[in-house]
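Structure data follow from entry-v2.txt (compact mmCIF, C-alpha atoms and all ligand atoms):
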```txt
# COMPACT_ATOMS: atom_id res chain seq x y z
CA MET D 22 -11.00 52.58 -49.86
CA ILE D 23 -9.03 52.79 -46.61
CA GLY D 24 -10.84 54.73 -43.86
CA VAL D 25 -14.32 54.53 -45.44
CA PRO D 26 -16.68 52.41 -43.34
CA ARG D 27 -18.44 49.67 -45.27
CA VAL D 28 -22.21 50.00 -44.98
CA ILE D 29 -24.43 47.01 -45.57
CA ALA D 30 -28.01 47.70 -46.50
CA PRO D 31 -30.35 46.23 -43.83
CA GLN D 32 -32.17 44.01 -46.33
CA THR D 33 -28.90 42.34 -47.41
CA ARG D 34 -27.72 41.39 -43.89
CA LEU D 35 -27.60 37.68 -43.32
CA ARG D 36 -30.12 36.49 -40.81
CA TYR D 37 -28.35 33.16 -40.19
CA PHE D 38 -28.85 33.45 -36.46
CA THR D 39 -32.60 33.31 -36.75
CA LEU D 40 -32.68 30.23 -38.97
CA LYS D 41 -33.97 27.12 -37.25
CA ALA D 42 -33.57 23.55 -38.40
CA PRO D 43 -36.86 21.68 -38.82
CA SER D 44 -37.55 19.85 -35.55
CA ALA D 45 -36.98 16.47 -37.24
CA LEU D 46 -33.37 17.51 -37.97
CA ARG D 47 -32.66 18.90 -34.52
CA LEU D 48 -30.30 16.89 -32.33
CA PRO D 49 -31.71 15.84 -28.95
CA GLU D 50 -30.60 18.03 -26.02
CA ARG D 51 -27.71 16.35 -24.23
CA SER D 52 -28.56 15.72 -20.62
CA LYS D 53 -25.80 17.11 -18.41
CA PRO D 54 -24.57 14.77 -15.62
CA SER D 55 -25.81 16.18 -12.32
CA ASN D 56 -23.55 16.84 -9.38
CA ASN D 57 -26.52 17.57 -7.18
CA PRO D 58 -26.81 14.71 -4.69
CA PHE D 59 -30.48 15.54 -3.96
CA ASN D 60 -33.42 14.37 -6.06
CA ALA D 61 -36.55 16.44 -6.85
CA GLN D 62 -38.02 15.52 -3.45
CA GLY D 63 -34.94 16.85 -1.66
CA GLU D 64 -33.81 13.33 -0.70
CA ARG D 65 -30.36 11.95 -1.30
CA SER D 66 -30.83 9.39 -4.03
CA ALA D 67 -28.61 6.31 -3.87
CA THR D 68 -27.63 6.61 -7.54
CA LEU D 69 -26.77 10.28 -7.33
CA ARG D 70 -24.95 9.80 -4.05
CA GLY D 71 -22.92 7.01 -5.65
CA SER D 72 -22.04 9.17 -8.61
CA VAL D 73 -20.80 12.07 -6.46
CA GLN D 74 -18.73 9.74 -4.30
CA ASN D 75 -17.20 8.09 -7.35
CA ALA D 76 -16.54 11.46 -8.93
CA LEU D 77 -14.84 12.68 -5.74
CA LYS D 78 -12.73 9.50 -5.57
CA ASP D 79 -11.76 10.01 -9.19
CA VAL D 80 -10.70 13.62 -8.54
CA MET D 81 -8.82 12.73 -5.36
CA ARG D 82 -6.96 9.83 -7.01
CA GLY D 83 -5.34 12.33 -9.38
CA TYR D 84 -4.47 14.71 -6.54
CA PRO D 85 -0.92 13.95 -5.30
CA GLN D 86 -0.54 13.60 -1.55
CA GLY D 87 2.51 13.08 0.63
CA VAL D 88 2.58 9.82 2.58
CA THR D 89 2.96 9.76 6.38
CA VAL D 90 2.76 7.12 9.08
CA VAL D 91 0.92 8.34 12.17
CA THR D 92 2.04 6.55 15.34
CA THR D 93 1.06 6.41 19.00
CA LYS D 94 1.46 4.26 22.09
CA ASP D 95 -1.87 2.84 23.21
CA HIS D 96 -1.90 1.16 26.65
CA GLY D 97 1.78 0.28 26.17
CA VAL D 98 1.29 -1.06 22.61
CA LEU D 99 2.79 0.75 19.61
CA LYS D 100 0.25 1.55 16.87
CA GLY D 101 0.78 3.02 13.41
CA ILE D 102 -1.27 3.69 10.29
CA THR D 103 -0.38 5.03 6.84
CA VAL D 104 -2.12 8.38 6.32
CA SER D 105 -2.06 10.77 3.39
CA SER D 106 -4.77 13.07 4.72
CA PHE D 107 -2.48 15.32 6.73
CA ILE D 108 -2.64 19.11 6.80
CA SER D 109 -0.93 21.88 8.67
CA VAL D 110 -3.81 23.86 10.22
CA SER D 111 -2.32 26.76 12.20
CA LEU D 112 1.05 28.25 13.16
CA GLN D 113 -0.12 30.22 16.23
CA PRO D 114 -0.66 27.86 17.99
CA PRO D 115 1.07 25.21 15.85
CA LEU D 116 -1.69 22.76 14.92
CA ILE D 117 -1.90 19.91 12.44
CA LEU D 118 -4.71 17.55 11.48
CA VAL D 119 -4.93 13.93 10.33
CA SER D 120 -8.10 12.20 9.18
CA ILE D 121 -8.64 8.57 10.22
CA ALA D 122 -11.40 6.27 8.97
CA LYS D 123 -13.87 5.23 11.65
CA ASP D 124 -13.81 1.64 10.40
CA SER D 125 -10.04 1.39 10.91
CA GLY D 126 -8.93 -0.92 13.71
CA PHE D 127 -6.71 1.97 14.86
CA HIS D 128 -9.40 4.66 14.99
CA GLU D 129 -10.11 4.39 18.73
CA ALA D 130 -6.40 4.32 19.62
CA PHE D 131 -5.84 7.67 17.89
CA ARG D 132 -9.09 9.23 19.04
CA ASN D 133 -8.25 8.41 22.66
CA SER D 134 -4.54 9.17 22.36
CA THR D 135 -2.86 11.90 24.39
CA GLU D 136 0.18 12.06 22.10
CA PHE D 137 0.98 11.03 18.55
CA ALA D 138 3.69 11.50 15.93
CA VAL D 139 3.50 12.05 12.17
CA ASN D 140 6.38 10.38 10.28
CA PHE D 141 6.92 11.87 6.79
CA LEU D 142 8.08 9.02 4.57
CA ALA D 143 10.94 9.37 2.10
CA GLU D 144 10.82 8.21 -1.51
CA ASP D 145 12.64 4.94 -0.63
CA GLN D 146 10.06 3.92 2.02
CA LYS D 147 7.29 2.42 -0.12
CA SER D 148 7.44 -0.84 1.84
CA VAL D 149 7.01 1.12 5.10
CA SER D 150 3.86 2.69 3.66
CA ASP D 151 2.56 -0.75 2.60
CA ARG D 152 3.39 -2.20 6.01
CA PHE D 153 1.40 0.49 7.88
CA ALA D 154 -1.45 0.27 5.36
CA GLY D 155 -1.91 -3.36 6.44
CA ARG D 156 -0.75 -4.77 3.09
CA LEU D 157 1.94 -7.02 4.62
CA LYS D 158 -0.45 -8.76 7.07
CA LEU D 159 1.95 -8.46 10.01
CA ALA D 160 0.68 -9.11 13.55
CA ASP D 161 3.01 -6.33 14.72
CA ARG D 162 3.52 -3.59 12.14
CA PHE D 163 6.69 -2.41 13.91
CA GLN D 164 8.31 -5.87 13.81
CA GLY D 165 11.94 -5.62 12.60
CA LEU D 166 11.76 -1.84 12.09
CA ASP D 167 14.31 0.60 13.43
CA ILE D 168 12.41 2.95 15.78
CA SER D 169 13.34 5.61 18.33
CA PHE D 170 11.66 8.06 20.69
CA ASP D 171 12.17 11.80 20.98
CA SER D 172 9.89 14.14 22.98
CA THR D 173 6.79 11.94 23.36
CA SER D 174 5.84 8.28 23.81
CA ALA D 175 5.01 7.99 20.06
CA PRO D 176 7.58 6.04 17.99
CA ILE D 177 9.68 7.68 15.26
CA ILE D 178 10.41 5.37 12.31
CA GLY D 179 14.02 5.10 11.10
CA GLY D 180 14.87 6.64 7.71
CA VAL D 181 11.97 9.11 7.58
CA LYS D 182 12.43 12.50 5.94
CA ALA D 183 10.96 14.41 8.89
CA PHE D 184 8.62 14.01 11.82
CA VAL D 185 6.37 16.10 14.04
CA GLU D 186 5.29 15.15 17.54
CA CYS D 187 1.98 16.30 18.97
CA LYS D 188 -0.14 16.47 22.09
CA THR D 189 -3.64 15.45 21.03
CA ARG D 190 -5.82 18.54 21.25
CA GLY D 191 -9.17 17.11 20.16
CA SER D 192 -11.00 15.00 17.66
CA TYR D 193 -14.07 15.69 15.54
CA GLU D 194 -16.24 13.10 13.86
CA GLU D 195 -17.16 14.06 10.32
CA GLY D 196 -18.91 11.51 8.11
CA ASP D 197 -17.02 8.23 8.07
CA HIS D 198 -13.76 9.76 9.38
CA SER D 199 -12.50 11.44 12.56
CA LEU D 200 -10.31 14.52 12.33
CA ILE D 201 -7.59 14.29 14.94
CA ILE D 202 -6.06 17.66 15.82
CA GLY D 203 -2.57 17.76 17.29
CA GLU D 204 -0.67 20.60 18.91
CA VAL D 205 2.90 20.32 17.65
CA VAL D 206 5.51 20.13 20.41
CA ASN D 207 8.47 19.11 18.25
CA ALA D 208 9.17 19.22 14.49
CA ILE D 209 12.42 17.87 13.02
CA ARG D 210 13.60 17.68 9.39
CA LEU D 211 16.08 14.82 9.20
CA SER D 212 17.13 14.62 5.57
CA GLU D 213 16.92 16.19 2.12
CA LYS D 214 15.58 12.96 0.62
CA SER D 215 12.62 13.36 -1.76
CA PRO D 216 9.20 12.70 -0.22
CA LEU D 217 7.06 9.65 -0.89
CA VAL D 218 3.95 10.75 -2.81
CA TYR D 219 0.77 8.80 -3.65
CA GLN D 220 -1.13 9.56 -6.86
CA ASN D 221 -3.37 7.47 -9.12
CA GLN D 222 -3.02 4.57 -6.66
CA GLN D 223 0.75 4.49 -7.24
CA TYR D 224 3.79 5.69 -5.39
CA THR D 225 5.78 8.50 -6.94
CA THR D 226 7.87 11.44 -5.79
CA THR D 227 8.39 15.11 -6.59
CA PHE D 228 10.53 16.40 -9.44
CA PRO D 229 12.04 19.88 -9.83
CA SER D 230 9.98 22.20 -12.00
CA ASP D 231 11.56 24.19 -14.82
CA TYR D 232 9.27 27.08 -13.85
CA PRO D 233 11.49 29.77 -12.28
CA ALA D 234 11.25 30.19 -8.52
CA PRO D 235 9.41 33.35 -7.38
CA PRO D 236 11.48 36.22 -5.96
CA SER D 237 12.55 35.36 -2.43
CA ASP D 238 10.53 38.23 -0.88
CA ILE D 239 7.27 36.55 -1.93
CA VAL D 240 6.06 34.14 0.70
CA TYR D 241 3.15 31.99 -0.51
C1 LIG D 301 -0.97 5.88 0.53
C2 LIG D 301 -2.05 5.56 1.53
C3 LIG D 301 -2.69 6.59 2.20
C4 LIG D 301 -3.68 6.34 3.16
N1 LIG D 301 -4.27 7.38 3.81
C5 LIG D 301 -5.19 7.13 4.78
C6 LIG D 301 -5.78 8.21 5.50
O1 LIG D 301 -5.50 9.38 5.28
N2 LIG D 301 -6.67 7.90 6.49
C7 LIG D 301 -7.03 6.61 6.77
O2 LIG D 301 -7.85 6.39 7.65
N3 LIG D 301 -6.51 5.57 6.06
C8 LIG D 301 -5.58 5.80 5.10
N4 LIG D 301 -5.02 4.75 4.42
C9 LIG D 301 -5.47 3.39 4.70
C10 LIG D 301 -4.92 2.86 6.02
O3 LIG D 301 -3.51 2.95 6.09
C11 LIG D 301 -5.35 1.39 6.17
O4 LIG D 301 -6.73 1.31 5.95
C12 LIG D 301 -5.12 0.86 7.52
O5 LIG D 301 -3.76 0.86 7.89
C13 LIG D 301 -5.62 -0.59 7.50
O6 LIG D 301 -5.58 -1.08 8.79
P1 LIG D 301 -6.92 -1.56 9.52
O7 LIG D 301 -7.83 -2.07 8.47
O8 LIG D 301 -6.47 -2.63 10.46
O9 LIG D 301 -7.45 -0.38 10.19
C14 LIG D 301 -4.03 4.98 3.45
C15 LIG D 301 -3.39 3.94 2.78
C16 LIG D 301 -2.41 4.22 1.83
C17 LIG D 301 -1.72 3.09 1.11
```

I need this file expressed as structure tokens, please.
Ligand SMILES: Cc1cc2nc3c(=O)[nH]c(=O)nc-3n(C[C@H](O)[C@H](O)[C@H](O)COP(=O)(O)O)c2cc1C
Amino acid sequence: MIGVPRVIAPQTRLRYFTLKAPSALRLPERSKPSNNPFNAQGERSATLRGSVQNALKDVMRGYPQGVTVVTTKDHGVLKGITVSSFISVSLQPPLILVSIAKDSGFHEAFRNSTEFAVNFLAEDQKSVSDRFAGRLKLADRFQGLDISFDSTSAPIIGGVKAFVECKTRGSYEEGDHSLIIGEVVNAIRLSEKSPLVYQNQQYTTTFPSDYPAPPSDIVY
């Protein structure tokens, strides 16, 4: 009977979609977790706020970020802090941004700095990251490290993959962090070493993908 449409008489059509289970058999509606940090009164509730912060932390933990050490010279004293919140903001003019916690002992030094450098750590520099994250409890975080200076007064750490040097352009307080904007005056790639990456509270690095590279005329 190819080509002949099958006709079902209206009275024989199944009406399964209108059937309802007796209320006693119905499963209770599942309450969806809310991402709205405001309660019915429009106030931020402590519980909801906590849940959004924890959810954000959870998401961000799984998001891989390169590891840098941001350095400056503050009243003649070298300062440095491990920072993964680095982004390139603009090319014309060349601007970058780092985000530093207000409760860090180094916050004021970077906020008031006139110059700073961003050192991009290589895969073999986990101990350098730990050192500048305060995990080694050193009075002087630069103690015993090989450092040099290039175009600014901010120290460049030996063995890094690359560095950029900046004139501090401004800082903006947002929540519990300050965004420090730097105008790049020098950017040098020193080696082809793999970068140090932080993800799920562990150090890792990048690995080549087996996905083919896009044609060279496509710029991201
Ligand atoms: C991988 C990694 C990334 C970090 N990224 C940042 C960051 O982006 N901003 C920040 O303020 N602190 C960051 N920290 C924490 C600071 O390095 C650390 O709190 C600081 O060095 C501690 O010194 P203080 O308590 O004396 O300020 C990071 C730590 C690690 C291990």

**OP:** Residues within 6 Å of ligand LIG 301 (chain D), counting all atoms listed in the file: report them as a ChimeraX atom specification.
**Re:** /D:88,102-106,120-122,125-127,151,153-155,219

Original post:
For Ser111 of chain D, which residue among D:Gln220, D:Pro229, D:Asn75, D:Gly203 is the nearest when counting all atoms listed in the file?
Top reply: D:Gly203

**OP:** Please measure the separation of atom CA of Arg82 of chain D and atom CA of His198 of chain D, giving the value in Å to one decimal.
**Re:** 17.7 Å

Subject >> Residue neighbourhood Leu217 of chain D, 6 Å, all atoms listed in the file, exclusion window fewer than 3 positions, as a VMD selection string >> reply: chain D and resid 87 to 88 142 to 144 226

Residues from last step as file, C-alpha atoms, as a PDB file, in the frame of the given file:
```
ATOM      1  CA  GLY D  87       2.510  13.080   0.630  1.00  0.00           C
ATOM      2  CA  VAL D  88       2.580   9.820   2.580  1.00  0.00           C
ATOM      3  CA  LEU D 142       8.080   9.020   4.570  1.00  0.00           C
ATOM      4  CA  ALA D 143      10.940   9.370   2.100  1.00  0.00           C
ATOM      5  CA  GLU D 144      10.820   8.210  -1.510  1.00  0.00           C
ATOM      6  CA  THR D 226       7.870  11.440  -5.790  1.00  0.00           C
TER       7      THR D 226
END
```

Subject >> For segment 132-136 of chain D: contacts at 10 Å, all atoms listed in the file, fewer than 3 positions along chain excluded, given as a PyMOL selection string >> reply: chain D and resi 92-96+121+123+127-129+172-175+186-194+199-206

Original post:
Quick one: distance from atom CA of Lys147 of chain D to atom CA of Thr89 of chain D in Å, one decimal?
Top reply: 10.7 Å

Subject >> Within 9 Å of Val185 of chain D using all atoms listed in the file, minus same-chain residues under 5 positions, as a PyMOL selection string >> reply: chain D and resi 137-141+205-210

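Of note, atom CA of Val73 of chain D and atom CA of Val91 of chain D are spaced 28.9 Å apart.
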
**OP:** Excluding Ile168 of chain D and any residue of its chain fewer than 6 positions from it, enumerate the residues within 6 Å of it, using all atoms listed in the file, and give them as a list in words.
**Re:**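 Here the answer would be Ile177, Ile178 and Gly179 of chain D.
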
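Distances from D:Ser212, D:Gln164, D:Gln223, D:Gln74 to Phe184 of chain D were compared using all atoms listed in the file, and the smallest one belongs to D:Ser212.
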
Box for segment 174-192 of chain D - axis-aligned, 6 Å on each of the six sides, all listed atoms - centre and size in Å to one decimal, as AutoDock Vina command-line options.
```
--center_x 1.9 --center_y 11.8 --center_z 14.9 --size_x 37.9 --size_y 25.4 --size_z 29.9
```
